[in-house]
Structures are given as structure tokens and as C-alpha cells.
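Below is one structure, written out as C-alpha cells, with a few remarks after it.
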Amino acid sequence: MARVLIVGVGNPLRSDDGLGWHVAQELSRELLENTRVIATQQLTPEISEMASHAEVVLFVDAAQSGEPGTLKCNQVVPASAYGRHSHDLSPATVLKLAEELYGRCPRGYVITVAAQSFADGDTLSPPVKAALPGLKTRIRELIDRGGE
């Protein structure tokens, strides 16, 4: 069982929106002990099953607001309620589904970098690309500390 689940979210063909996807691809090539890494274009109910097996889930995504390249990390609590559409899932909803369907709710964090562009393209903007080392360092810190 992986102690940490990293979920990189984003569309790799929409510039900075692909941040989470790109980071997950990079991290999946590294040997991160007791860690499972997935890249996805959107959150789906199936991720809740994977989350239920982890102690900590790190959701990595691009933020739509803020100074481009700005890194934020916030703890996620399970949603109190959720919609019926799978395309409306949030990290809080994934944790809530893990709790309701599988009886386990891990600690969760959303780690974002503010995007500069969501235009068509498969490259990250300069400020987002410059934030990658700090983002990966923050992810490793959370892995090493067990999400605390």
C-alpha cells in the first residue's frame, strides 16, 4: 500500500493547465518510496478508491488566480455535500467519497501554482516553469513528513 497518493490534475494541451499532469509524469519516473503517482485530466470517482488506501493525498493543480508562479499549499477537508455530476468533483469531494464508500479518509492537501496561460499549447509559461523546483521540493517535504 502506498502511504502517499499524488494526483496531478490538468490538461497537458492547455499550457499551464497541464502543470499537475506534467509534475505527476516527472514524479512517476522518480523512485519515491511508498508513493503512488497518477496523472489525470480531471478528478473522477475512481480516485476515491485509491485515496482510501493512502495516509495522505496530494492534489497538484494549476490555480486560475494569483500572481503567476505563486505556490500555495492548503489542507483539504472532506466535503460536507457534493453534486451528482462526476465532472464537478473537487479534492474535498474525492476525500468524502473515500470516507463514504471505503470507510477511510486520508489527510489531503491541494498544492497549486498560479497559472499565467490556459491557451492551447503543450508548454508551461516561464513563471510556472520557474516554480517547478519549489513545487517538487514542497511535495517531497510533505512526503517525508507524512503530510504533517
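The chains in the C-alpha cells are called A, B, ... from first to last as shown; in each chain the residues are counted from 1, and the ligands are counted from 1 in the order shown.
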Just want the 12 Å neighbourhood of Asp120 of chain A, counted on only C-alpha atoms, with same-chain residues fewer than 3 positions away dropped. Output as a list in words.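 Everything that qualifies: Asn11, Pro12, Leu13, Arg14, Ser15, Asp16, Asp17, Gly18, Ser117, Thr123, Leu124 and Ser125 of chain A.
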Can you tell me which residues surround Lys96 of chain A at a distance of at most 8 Å, considering only C-alpha atoms, apart from same-chain residues fewer than 3 positions away, and format the answer as a PyMOL selection string? chain A and resi 78-80+92-93+99-100+105
Could you tell me, as a PyMOL selection string, which residues of chain A DSSP assigns to helix (DSSP H, G or I) when given the backbone? chain A and resi 15-28+46-52+86-88+91-102+126-144
If you measure from atom CA of Leu19 of chain A to atom CA of His53 of chain A, what distance in Å do you get, rounded to one decimal? 24.8 Å
Residues within 12 Å of Lys72 of chain A, please, as a list in words. Count only C-alpha atoms; anything in the same chain fewer than 3 positions from it doesn't count.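 These residues fall inside the cut-off: Phe59, Val60, Asp61, Ala62, Ala63, Ser65, Gly66, Glu67, Pro68, Gly69, Gln75, Tyr109, Val110, Ile111, Thr112, Val113, Ala114, Ala115, Ala131, Gly134, Leu135, Arg138 and Ile139 of chain A.
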Determine the nearest neighbour of Arg145 of chain A from the options A:Leu27, A:Val77, A:Val56, A:Ile6, counting only C-alpha atoms. A:Val56
Strand (DSSP E) positions in chain A, given as a ChimeraX atom specification: /A:4-9,35-40,56-63,71-76,107-114
